[in-house]
Amino acid sequence: MNELVKIVLNSVDQLFGKNYVQLITYLLIALIGTWLYKEFRTQLLNSENYKREKYSEVLTILLELEYALNRFLINELEFSQLEENLKAAYPYLSYDLSKEVGSFSTGIEKKKVEEFVERLSAERNNLKYNQPNAFSYLSERSISRSFGHLFRTMLSPVLIPFLLTLLTVVVSFMLLYLTSAMSTVESVVKQYYLIQGVIDYICFLMILVGIADIINNQKVSSMKHLVIFLIIFITLSITAFLLFSKFIIIPTILFVCYGILLKMYLPKIIVGLKINNI
């Protein structure tokens, strides 16, 4: 044990020497980073557990409403009883379906109820398809959904809190660096590109966090386009970061490229996303 302590102390002495301010700074960063990671991870796990429980609750309520409507259609259920199911399901119905609930009455047309049941069934099936349930993946043959399940169960609880911690720490230090550097740079043009460079670094991390969140929430419509986007995005970013100090125009070019990439690929990657032309 004493030998281990000596090795650690010698390593610290070699890294920092007598610079105790630097040592304390790094220790504070490590402590703050560890605390942030723990908090983000706890929040993520609590959110996932709540979401899983809520999915089950909502699916049960919608199924009960569907059964009640079918019984109502064959006169096995009074409207007063159906009304209770409608009230229970109302907060979880889509906007279009919820608008029709107000028109339900004892004399409602059978065809209208049948159409409502059909749309309700489609809504429930879609919710069931997206339910975060490990059992549904046992017979899953889709590579994208299998990868999504692997990400949610094994990578997401580690990766997303880490990215959020990294983003928080980096943004904080970037802003401190920017505040300090701006006072030493006299040229307005250089100040602009300095600010733009900091924005690019922040955008890089935010896009990574956003992509991780998309995968975690099973909103990926095309895994092929996601992989292509990540390859282009990471290659472009690393190349640009290496050239920041050599060409002052690079930060602006990179920011524009980020906008073009997001507009080109996000509608192909995220389920149901549409970006209108400007």
# chains A, B, ... in the order shown; residues from 1 in each chain; ligands from 1

$ residues_around --residues "A:Leu62" --least-positions-apart "4" --cutoff "9 Å" --atoms "only C-alpha atoms" --output "PDB file with all heavy atoms, in the first residue's frame"
ATOM      1  N   GLU A  57     -48.586   2.124 -18.567  1.00  0.00           N
ATOM      2  CA  GLU A  57     -49.839   2.691 -18.069  1.00  0.00           C
ATOM      3  C   GLU A  57     -50.710   3.206 -19.215  1.00  0.00           C
ATOM      4  O   GLU A  57     -51.914   2.919 -19.279  1.00  0.00           O
ATOM      5  CB  GLU A  57     -49.536   3.825 -17.094  1.00  0.00           C
ATOM      6  CG  GLU A  57     -50.768   4.515 -16.536  1.00  0.00           C
ATOM      7  CD  GLU A  57     -50.425   5.741 -15.702  1.00  0.00           C
ATOM      8  OE1 GLU A  57     -49.263   5.860 -15.260  1.00  0.00           O
ATOM      9  OE2 GLU A  57     -51.311   6.590 -15.520  1.00  0.00           O
ATOM     10  N   VAL A  58     -50.113   3.957 -20.133  1.00  0.00           N
ATOM     11  CA  VAL A  58     -50.865   4.543 -21.242  1.00  0.00           C
ATOM     12  C   VAL A  58     -51.375   3.460 -22.187  1.00  0.00           C
ATOM     13  O   VAL A  58     -52.528   3.523 -22.643  1.00  0.00           O
ATOM     14  CB  VAL A  58     -49.991   5.558 -22.015  1.00  0.00           C
ATOM     15  CG1 VAL A  58     -50.702   6.043 -23.267  1.00  0.00           C
ATOM     16  CG2 VAL A  58     -49.637   6.736 -21.118  1.00  0.00           C
ATOM     17  N   GLU A  66     -60.283   0.980 -26.169  1.00  0.00           N
ATOM     18  CA  GLU A  66     -60.604   0.274 -27.407  1.00  0.00           C
ATOM     19  C   GLU A  66     -61.603  -0.853 -27.147  1.00  0.00           C
ATOM     20  O   GLU A  66     -62.566  -1.041 -27.907  1.00  0.00           O
ATOM     21  CB  GLU A  66     -59.316  -0.282 -28.019  1.00  0.00           C
ATOM     22  CG  GLU A  66     -59.478  -0.744 -29.457  1.00  0.00           C
ATOM     23  CD  GLU A  66     -58.156  -1.129 -30.097  1.00  0.00           C
ATOM     24  OE1 GLU A  66     -57.105  -0.603 -29.677  1.00  0.00           O
ATOM     25  OE2 GLU A  66     -58.180  -1.965 -31.016  1.00  0.00           O
ATOM     26  N   TYR A  67     -61.389  -1.615 -26.093  1.00  0.00           N
ATOM     27  CA  TYR A  67     -62.331  -2.677 -25.721  1.00  0.00           C
ATOM     28  C   TYR A  67     -63.708  -2.102 -25.404  1.00  0.00           C
ATOM     29  O   TYR A  67     -64.745  -2.648 -25.809  1.00  0.00           O
ATOM     30  CB  TYR A  67     -61.810  -3.445 -24.497  1.00  0.00           C
ATOM     31  CG  TYR A  67     -60.702  -4.437 -24.792  1.00  0.00           C
ATOM     32  CD1 TYR A  67     -59.770  -4.776 -23.819  1.00  0.00           C
ATOM     33  CD2 TYR A  67     -60.599  -5.038 -26.045  1.00  0.00           C
ATOM     34  CE1 TYR A  67     -58.749  -5.683 -24.072  1.00  0.00           C
ATOM     35  CE2 TYR A  67     -59.591  -5.945 -26.314  1.00  0.00           C
ATOM     36  CZ  TYR A  67     -58.666  -6.260 -25.328  1.00  0.00           C
ATOM     37  OH  TYR A  67     -57.671  -7.160 -25.597  1.00  0.00           O
ATOM     38  N   ASN A  85     -64.113   5.650 -19.565  1.00  0.00           N
ATOM     39  CA  ASN A  85     -62.917   5.259 -20.322  1.00  0.00           C
ATOM     40  C   ASN A  85     -62.404   6.407 -21.190  1.00  0.00           C
ATOM     41  O   ASN A  85     -61.195   6.591 -21.336  1.00  0.00           O
ATOM     42  CB  ASN A  85     -63.216   4.044 -21.211  1.00  0.00           C
ATOM     43  CG  ASN A  85     -63.481   2.788 -20.420  1.00  0.00           C
ATOM     44  OD1 ASN A  85     -64.640   2.380 -20.227  1.00  0.00           O
ATOM     45  ND2 ASN A  85     -62.424   2.158 -19.953  1.00  0.00           N
ATOM     46  N   ALA A  88     -60.547   8.830 -18.964  1.00  0.00           N
ATOM     47  CA  ALA A  88     -59.246   8.307 -18.523  1.00  0.00           C
ATOM     48  C   ALA A  88     -58.211   8.370 -19.637  1.00  0.00           C
ATOM     49  O   ALA A  88     -57.025   8.630 -19.390  1.00  0.00           O
ATOM     50  CB  ALA A  88     -59.410   6.865 -18.041  1.00  0.00           C
ATOM     51  N   ALA A  89     -58.654   8.151 -20.879  1.00  0.00           N
ATOM     52  CA  ALA A  89     -57.723   8.102 -22.010  1.00  0.00           C
ATOM     53  C   ALA A  89     -57.457   9.468 -22.622  1.00  0.00           C
ATOM     54  O   ALA A  89     -56.454   9.650 -23.332  1.00  0.00           O
ATOM     55  CB  ALA A  89     -58.265   7.157 -23.081  1.00  0.00           C
ATOM     56  N   TYR A  92     -54.003  11.199 -22.966  1.00  0.00           N
ATOM     57  CA  TYR A  92     -52.964  10.484 -23.700  1.00  0.00           C
ATOM     58  C   TYR A  92     -53.280  10.321 -25.186  1.00  0.00           C
ATOM     59  O   TYR A  92     -52.501   9.734 -25.924  1.00  0.00           O
ATOM     60  CB  TYR A  92     -52.757   9.098 -23.072  1.00  0.00           C
ATOM     61  CG  TYR A  92     -52.571   9.154 -21.575  1.00  0.00           C
ATOM     62  CD1 TYR A  92     -53.521   8.617 -20.705  1.00  0.00           C
ATOM     63  CD2 TYR A  92     -51.452   9.778 -21.020  1.00  0.00           C
ATOM     64  CE1 TYR A  92     -53.355   8.692 -19.330  1.00  0.00           C
ATOM     65  CE2 TYR A  92     -51.282   9.854 -19.646  1.00  0.00           C
ATOM     66  CZ  TYR A  92     -52.237   9.311 -18.815  1.00  0.00           C
ATOM     67  OH  TYR A  92     -52.060   9.396 -17.457  1.00  0.00           O
ATOM     68  N   LEU A  93     -54.420  10.836 -25.618  1.00  0.00           N
ATOM     69  CA  LEU A  93     -54.774  10.753 -27.030  1.00  0.00           C
ATOM     70  C   LEU A  93     -54.044  11.831 -27.824  1.00  0.00           C
ATOM     71  O   LEU A  93     -53.682  12.875 -27.292  1.00  0.00           O
ATOM     72  CB  LEU A  93     -56.285  10.929 -27.208  1.00  0.00           C
ATOM     73  CG  LEU A  93     -57.190   9.852 -26.596  1.00  0.00           C
ATOM     74  CD1 LEU A  93     -58.652  10.257 -26.750  1.00  0.00           C
ATOM     75  CD2 LEU A  93     -56.947   8.500 -27.248  1.00  0.00           C
ATOM     76  N   LEU A 120     -57.632   4.868 -33.272  1.00  0.00           N
ATOM     77  CA  LEU A 120     -57.123   4.620 -31.922  1.00  0.00           C
ATOM     78  C   LEU A 120     -56.216   3.393 -31.917  1.00  0.00           C
ATOM     79  O   LEU A 120     -55.154   3.382 -31.283  1.00  0.00           O
ATOM     80  CB  LEU A 120     -58.278   4.431 -30.944  1.00  0.00           C
ATOM     81  CG  LEU A 120     -57.909   4.039 -29.514  1.00  0.00           C
ATOM     82  CD1 LEU A 120     -57.119   5.160 -28.836  1.00  0.00           C
ATOM     83  CD2 LEU A 120     -59.170   3.716 -28.705  1.00  0.00           C
ATOM     84  N   SER A 121     -56.626   2.351 -32.641  1.00  0.00           N
ATOM     85  CA  SER A 121     -55.833   1.126 -32.725  1.00  0.00           C
ATOM     86  C   SER A 121     -54.480   1.389 -33.377  1.00  0.00           C
ATOM     87  O   SER A 121     -53.447   0.879 -32.919  1.00  0.00           O
ATOM     88  CB  SER A 121     -56.605   0.068 -33.524  1.00  0.00           C
ATOM     89  OG  SER A 121     -55.841  -1.115 -33.645  1.00  0.00           O
ATOM     90  N   GLU A 123     -52.891   4.222 -33.392  1.00  0.00           N
ATOM     91  CA  GLU A 123     -52.116   5.026 -32.443  1.00  0.00           C
ATOM     92  C   GLU A 123     -51.523   4.147 -31.345  1.00  0.00           C
ATOM     93  O   GLU A 123     -50.366   4.312 -30.957  1.00  0.00           O
ATOM     94  CB  GLU A 123     -53.046   6.080 -31.836  1.00  0.00           C
ATOM     95  CG  GLU A 123     -52.326   7.312 -31.349  1.00  0.00           C
ATOM     96  CD  GLU A 123     -53.274   8.467 -31.085  1.00  0.00           C
ATOM     97  OE1 GLU A 123     -53.697   9.123 -32.056  1.00  0.00           O
ATOM     98  OE2 GLU A 123     -53.599   8.696 -29.908  1.00  0.00           O
ATOM     99  N   ARG A 124     -52.328   3.207 -30.871  1.00  0.00           N
ATOM    100  CA  ARG A 124     -51.848   2.299 -29.815  1.00  0.00           C
ATOM    101  C   ARG A 124     -50.746   1.382 -30.342  1.00  0.00           C
ATOM    102  O   ARG A 124     -49.749   1.133 -29.655  1.00  0.00           O
ATOM    103  CB  ARG A 124     -53.028   1.469 -29.284  1.00  0.00           C
ATOM    104  CG  ARG A 124     -52.629   0.443 -28.218  1.00  0.00           C
ATOM    105  CD  ARG A 124     -53.833  -0.341 -27.733  1.00  0.00           C
ATOM    106  NE  ARG A 124     -54.575  -0.961 -28.819  1.00  0.00           N
ATOM    107  CZ  ARG A 124     -54.182  -2.098 -29.425  1.00  0.00           C
ATOM    108  NH1 ARG A 124     -53.052  -2.697 -29.061  1.00  0.00           N
ATOM    109  NH2 ARG A 124     -54.917  -2.618 -30.393  1.00  0.00           N
TER     110      ARG A 124
END

$ atom_distance --atom1 "atom CA of A:Val170" --atom2 "atom CA of A:Ile228"
26.3 Å

$ atom_distance --atom1 "atom CA of A:Pro251" --atom2 "atom CA of A:Ile269"
25.6 Å

$ atom_distance --atom1 "atom CA of A:Met206" --atom2 "atom CA of A:Thr168"
10.0 Å

$ select_by_dssp --residues "stretch 56-208 of chain A" --states "helix (DSSP H, G or I)" --output "PyMOL selection string"
chain A and resi 56-73+79-92+95-101+110-129+134-137+143-182+188-208

$ closest_residue --among "A:Phe244, A:Tyr95, A:Phe233, A:Phe173" --to "A:Leu194" --atoms "only C-alpha atoms"
A:Phe244

$ residues_around --residues "A:Gln196" --least-positions-apart "6" --cutoff "10 Å" --atoms "only C-alpha atoms" --output "count of residues only"
9

$ residues_around --residues "A:Ser172" --least-positions-apart "3" --cutoff "12 Å" --atoms "only C-alpha atoms" --output "VMD selection string"
chain A and resid 29 32 to 33 165 to 169 175 to 179 198 201 to 202

$ closest_residue --among "A:Leu27, A:Ala122, A:Leu86, A:Ile211" --to "A:Glu64" --atoms "only C-alpha atoms"
A:Leu86

$ residues_around --residues "stretch 102-110 of chain A" --least-positions-apart "6" --cutoff "10 Å" --atoms "only C-alpha atoms" --output "PDB file with N, CA, C and O atoms, in the first residue's frame"
ATOM      1  N   PHE A  72     -69.335  -1.049 -26.787  1.00  0.00           N
ATOM      2  CA  PHE A  72     -70.369  -0.040 -27.009  1.00  0.00           C
ATOM      3  C   PHE A  72     -71.017  -0.211 -28.388  1.00  0.00           C
ATOM      4  O   PHE A  72     -72.229  -0.019 -28.547  1.00  0.00           O
ATOM      5  N   LEU A  73     -70.210  -0.590 -29.373  1.00  0.00           N
ATOM      6  CA  LEU A  73     -70.724  -0.773 -30.735  1.00  0.00           C
ATOM      7  C   LEU A  73     -71.740  -1.904 -30.831  1.00  0.00           C
ATOM      8  O   LEU A  73     -72.669  -1.868 -31.644  1.00  0.00           O
ATOM      9  N   ILE A  74     -71.573  -2.933 -29.993  1.00  0.00           N
ATOM     10  CA  ILE A  74     -72.509  -4.083 -30.035  1.00  0.00           C
ATOM     11  C   ILE A  74     -73.503  -4.025 -28.866  1.00  0.00           C
ATOM     12  O   ILE A  74     -74.077  -5.046 -28.469  1.00  0.00           O
ATOM     13  N   GLU A  78     -73.026   0.595 -21.682  1.00  0.00           N
ATOM     14  CA  GLU A  78     -73.747   1.859 -21.657  1.00  0.00           C
ATOM     15  C   GLU A  78     -72.785   3.033 -21.904  1.00  0.00           C
ATOM     16  O   GLU A  78     -71.596   2.940 -21.602  1.00  0.00           O
ATOM     17  N   PHE A  79     -73.358   4.113 -22.430  1.00  0.00           N
ATOM     18  CA  PHE A  79     -72.523   5.272 -22.727  1.00  0.00           C
ATOM     19  C   PHE A  79     -71.899   5.853 -21.456  1.00  0.00           C
ATOM     20  O   PHE A  79     -70.773   6.362 -21.476  1.00  0.00           O
ATOM     21  N   SER A  80     -72.607   5.780 -20.341  1.00  0.00           N
ATOM     22  CA  SER A  80     -72.091   6.319 -19.086  1.00  0.00           C
ATOM     23  C   SER A  80     -70.805   5.599 -18.663  1.00  0.00           C
ATOM     24  O   SER A  80     -69.881   6.217 -18.110  1.00  0.00           O
ATOM     25  N   LEU A  82     -68.788   4.003 -20.919  1.00  0.00           N
ATOM     26  CA  LEU A  82     -67.807   4.381 -21.943  1.00  0.00           C
ATOM     27  C   LEU A  82     -67.206   5.747 -21.637  1.00  0.00           C
ATOM     28  O   LEU A  82     -66.020   5.999 -21.877  1.00  0.00           O
ATOM     29  N   GLU A  83     -68.036   6.622 -21.088  1.00  0.00           N
ATOM     30  CA  GLU A  83     -67.598   7.976 -20.776  1.00  0.00           C
ATOM     31  C   GLU A  83     -66.417   7.982 -19.809  1.00  0.00           C
ATOM     32  O   GLU A  83     -65.498   8.803 -19.927  1.00  0.00           O
ATOM     33  N   LEU A  86     -63.315   7.174 -21.763  1.00  0.00           N
ATOM     34  CA  LEU A  86     -62.928   8.323 -22.587  1.00  0.00           C
ATOM     35  C   LEU A  86     -62.202   9.378 -21.748  1.00  0.00           C
ATOM     36  O   LEU A  86     -61.201   9.941 -22.177  1.00  0.00           O
ATOM     37  N   TYR A  90     -58.323  10.423 -22.369  1.00  0.00           N
ATOM     38  CA  TYR A  90     -58.236  11.732 -23.036  1.00  0.00           C
ATOM     39  C   TYR A  90     -56.852  12.396 -22.946  1.00  0.00           C
ATOM     40  O   TYR A  90     -56.338  12.901 -23.953  1.00  0.00           O
ATOM     41  N   PHE A 116     -63.170   5.946 -35.334  1.00  0.00           N
ATOM     42  CA  PHE A 116     -62.395   6.360 -34.163  1.00  0.00           C
ATOM     43  C   PHE A 116     -61.599   5.175 -33.620  1.00  0.00           C
ATOM     44  O   PHE A 116     -60.423   5.309 -33.267  1.00  0.00           O
TER      45      PHE A 116
END
